[in-house]
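Asker: First the structure, which I've put down as structure tokens, then a few questions once you've had a look.
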Amino acid sequence: EIVMPAAGAAAVIITAADRVADAAQQPAWLLGAGESVTHSSVAQAPDLGETGIGIAARAAFSSAGVDPSNVGLASLYDCYTIMVLLTLEEAGFCKAGEAGAFVESHDLTFSGDFPLNTHGGQLSFGQAGIAGGMSHVTEAIRQIQGRGGDRQVADLDLAYAHANGGIIAAQVALVLGTARCGARTDQPPPGPAHPPPHPARLARPSARPARPPSPPPTPSSSLSPPLSLPPLPPLS
């Protein structure tokens, strides 16, 4: 149900479009990206029934010009099993409350009808700090490049990678593809671009009592006299 700590590292190389021809590997194009930060502490979360996953996902899909139905690989942050289900729902792969039925009705393996976390995810090999979340990005890139080896997803054009941080506070979404431009849908992203402000944030009285006035400065006559030090001997 929860990841185990592990040691590891992850790295990607980002370059300009005009240098792709010199690359040794087929590129994975960054078609869309989105992020959202809704709170710091979970006590400040605007809604415990909905996170900022949808905000980041809609921004990524909108900028890429695609929608969830176009995605051939979902690479989703899995610090807990519940996070995969929440991401499937809020990112738009299924309706709210239907993630359980969704995963039961689909083959999630690399050769199935909905490949999901084809590298096994962090629940299989552990969470190496930030490198744990980056593993979902590196796997999506490998798959887009056709370097998945024995777990390669066939005929893959688009991959969606998602990660979160904090107490489900920060969300980031990426859409990666084999081509530079996605398949335009010309449809506005569903739902609001930002969550409505929490009522408690509109007018929150300060719980900190007023600071008492500072005492008047101490008269200089009551200060201790400065220390009198003997002169240092000359250097020889």
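Each chain of the structure tokens is named A, B, ... in the order shown, its residues numbered from 1; ligands are numbered from 1 in display order.
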If you run DSSP over the backbone, which residues in stretch 26-108 of chain A end up alpha helix (DSSP H)? Put them as a ChimeraX atom specification.
Answerer: /A:53-64,81-90,99-105
Asker: Neighbouring residues of A:Leu108 were defined as those with any atom within 12 Å, considering only C-alpha atoms; residues of the same chain fewer than 2 positions away were excluded. Please report them as a VMD selection string.
Answerer: chain A and resid 72 to 75 102 to 106 110 to 120 151 153
Asker: Any chance you could export the current selection's N, CA, C and O atoms as a compact mmCIF listing (two decimals), in the first residue's frame?
Answerer:
```txt
# COMPACT_ATOMS: atom_id res chain seq x y z
N GLY A 72 -1.51 6.38 -24.94
CA GLY A 72 -1.24 4.95 -25.07
C GLY A 72 -0.48 4.37 -23.90
O GLY A 72 -0.33 3.15 -23.79
N LEU A 73 0.04 5.23 -23.01
CA LEU A 73 0.74 4.78 -21.81
C LEU A 73 0.50 5.79 -20.70
O LEU A 73 0.70 6.99 -20.89
N ALA A 74 0.10 5.31 -19.54
CA ALA A 74 -0.04 6.15 -18.35
C ALA A 74 1.05 5.78 -17.37
O ALA A 74 1.16 4.62 -16.95
N SER A 75 1.89 6.76 -17.03
CA SER A 75 2.99 6.55 -16.10
C SER A 75 2.70 7.41 -14.87
O SER A 75 3.03 8.60 -14.84
N PHE A 102 -12.55 0.53 -13.36
CA PHE A 102 -11.72 0.78 -14.55
C PHE A 102 -10.53 -0.16 -14.60
O PHE A 102 -10.25 -0.79 -15.63
N VAL A 103 -9.80 -0.27 -13.49
CA VAL A 103 -8.62 -1.13 -13.50
C VAL A 103 -9.00 -2.60 -13.59
O VAL A 103 -8.24 -3.42 -14.13
N GLU A 104 -10.16 -2.95 -13.07
CA GLU A 104 -10.58 -4.34 -13.15
C GLU A 104 -11.02 -4.73 -14.56
O GLU A 104 -10.92 -5.90 -14.95
N SER A 105 -11.46 -3.75 -15.33
CA SER A 105 -11.96 -4.04 -16.68
C SER A 105 -10.91 -3.84 -17.76
O SER A 105 -11.21 -4.01 -18.94
N HIS A 106 -9.68 -3.43 -17.38
CA HIS A 106 -8.62 -3.22 -18.37
C HIS A 106 -7.39 -4.05 -18.03
O HIS A 106 -7.15 -4.38 -16.86
N PHE A 110 2.04 -4.11 -20.26
CA PHE A 110 2.57 -3.40 -21.43
C PHE A 110 1.91 -3.85 -22.73
O PHE A 110 1.85 -3.09 -23.69
N SER A 111 1.39 -5.07 -22.76
CA SER A 111 0.73 -5.57 -23.96
C SER A 111 -0.79 -5.47 -23.87
O SER A 111 -1.50 -5.97 -24.76
N GLY A 112 -1.31 -4.85 -22.81
CA GLY A 112 -2.75 -4.77 -22.62
C GLY A 112 -3.37 -3.58 -23.32
O GLY A 112 -2.71 -2.85 -24.08
N ASP A 113 -4.65 -3.35 -23.03
CA ASP A 113 -5.37 -2.26 -23.69
C ASP A 113 -5.20 -0.92 -22.97
O ASP A 113 -5.58 0.12 -23.49
N PHE A 114 -4.59 -0.93 -21.76
CA PHE A 114 -4.30 0.31 -21.06
C PHE A 114 -2.99 0.13 -20.28
O PHE A 114 -2.99 -0.08 -19.07
N PRO A 115 -1.84 0.23 -20.96
CA PRO A 115 -0.55 0.06 -20.27
C PRO A 115 -0.38 1.11 -19.17
O PRO A 115 -0.54 2.30 -19.40
N LEU A 116 -0.04 0.64 -17.97
CA LEU A 116 0.09 1.52 -16.81
C LEU A 116 1.35 1.15 -16.03
O LEU A 116 1.54 0.00 -15.65
N ASN A 117 2.23 2.15 -15.81
CA ASN A 117 3.45 1.93 -15.04
C ASN A 117 4.17 0.66 -15.51
O ASN A 117 4.38 -0.29 -14.74
N THR A 118 4.59 0.69 -16.75
CA THR A 118 5.20 -0.49 -17.36
C THR A 118 6.56 -0.83 -16.75
O THR A 118 7.09 -1.92 -16.98
N HIS A 119 7.16 0.09 -15.96
CA HIS A 119 8.42 -0.21 -15.28
C HIS A 119 8.19 -0.83 -13.91
O HIS A 119 9.14 -1.11 -13.19
N GLY A 120 6.95 -1.05 -13.56
CA GLY A 120 6.62 -1.63 -12.27
C GLY A 120 6.21 -0.62 -11.23
O GLY A 120 5.54 -0.95 -10.26
N ARG A 151 9.41 -5.04 -22.45
CA ARG A 151 8.13 -4.48 -22.01
C ARG A 151 7.67 -3.33 -22.92
O ARG A 151 6.81 -2.53 -22.52
N VAL A 153 5.74 -1.02 -25.27
CA VAL A 153 4.34 -0.87 -25.69
C VAL A 153 4.32 -0.71 -27.20
O VAL A 153 5.00 0.15 -27.76
```
Asker: Please, what distance in Å, to one decimal, runs between atom CA of A:Leu88 and atom CA of A:Leu176?
Answerer: 17.3 Å
Asker: Using only C-alpha atoms, tabulate the residues of stretch 89-163 of chain A lying at most 10 Å from any atom of stretch 32-43 of chain A, each with its closest atom pair and that distance in Å to one decimal, by chain and increasing residue number, as a tab-separated table.
Answerer:
```
residue	atom	partner	partner_atom	distance
A:Tyr160	CA	A:Gly32	CA	9.4
A:Ala161	CA	A:Ala33	CA	9.5
A:His162	CA	A:Gly34	CA	9.5
A:Ala163	CA	A:Glu35	CA	9.5
```
Asker: Print the selection's residues with N, CA, C and O atoms to a file, as an mmCIF file, in the first residue's frame.
Answerer:
```cif
data_model
loop_
_atom_site.group_PDB
_atom_site.id
_atom_site.type_symbol
_atom_site.label_atom_id
_atom_site.label_comp_id
_atom_site.auth_asym_id
_atom_site.auth_seq_id
_atom_site.Cartn_x
_atom_site.Cartn_y
_atom_site.Cartn_z
ATOM 1 N N TYR A 160 1.497 9.732 -20.976
ATOM 2 C CA TYR A 160 1.157 10.717 -19.950
ATOM 3 C C TYR A 160 1.889 10.345 -18.675
ATOM 4 O O TYR A 160 1.775 9.214 -18.180
ATOM 5 N N ALA A 161 2.673 11.294 -18.133
ATOM 6 C CA ALA A 161 3.388 11.071 -16.878
ATOM 7 C C ALA A 161 2.876 12.058 -15.841
ATOM 8 O O ALA A 161 2.686 13.238 -16.138
ATOM 9 N N HIS A 162 2.675 11.569 -14.612
ATOM 10 C CA HIS A 162 2.137 12.425 -13.554
ATOM 11 C C HIS A 162 2.840 12.109 -12.245
ATOM 12 O O HIS A 162 3.140 10.961 -11.935
ATOM 13 N N ALA A 163 3.104 13.172 -11.471
ATOM 14 C CA ALA A 163 3.713 12.997 -10.157
ATOM 15 C C ALA A 163 3.129 14.014 -9.190
ATOM 16 O O ALA A 163 2.562 15.040 -9.606
#
```
Asker: Select from stretch 50-208 of chain A everything DSSP, run on the backbone, classes as strand (DSSP E), then give the selection as number ranges by chain.
Answerer: A: 73-76, 158-165, 170-177
Asker: Take the selection from the previous step and output its residues with C-alpha atoms, as a short mmCIF file (atom, residue, chain, number, x, y, z; two decimals), in the first residue's frame.
Answerer:
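What ended up in part_7.cif:
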```cif
data_model
loop_
_atom_site.label_atom_id
_atom_site.label_comp_id
_atom_site.auth_asym_id
_atom_site.auth_seq_id
_atom_site.Cartn_x
_atom_site.Cartn_y
_atom_site.Cartn_z
CA LEU A 73 0.74 4.78 -21.81
CA ALA A 74 -0.04 6.15 -18.35
CA SER A 75 2.99 6.55 -16.10
CA LEU A 76 1.47 7.57 -12.77
CA LEU A 158 1.54 9.43 -26.69
CA ALA A 159 2.44 8.93 -23.04
CA TYR A 160 1.16 10.72 -19.95
CA ALA A 161 3.39 11.07 -16.88
CA HIS A 162 2.14 12.43 -13.55
CA ALA A 163 3.71 13.00 -10.16
CA ASN A 164 2.79 14.66 -6.88
CA GLY A 165 4.68 16.01 -3.92
CA ALA A 170 1.89 19.77 -5.61
CA GLN A 171 1.01 18.13 -8.91
CA VAL A 172 2.87 18.03 -12.23
CA ALA A 173 1.75 16.45 -15.50
CA LEU A 174 3.59 15.86 -18.78
CA VAL A 175 2.41 14.70 -22.20
CA LEU A 176 5.18 13.14 -24.29
CA GLY A 177 4.94 12.02 -27.89
#
```
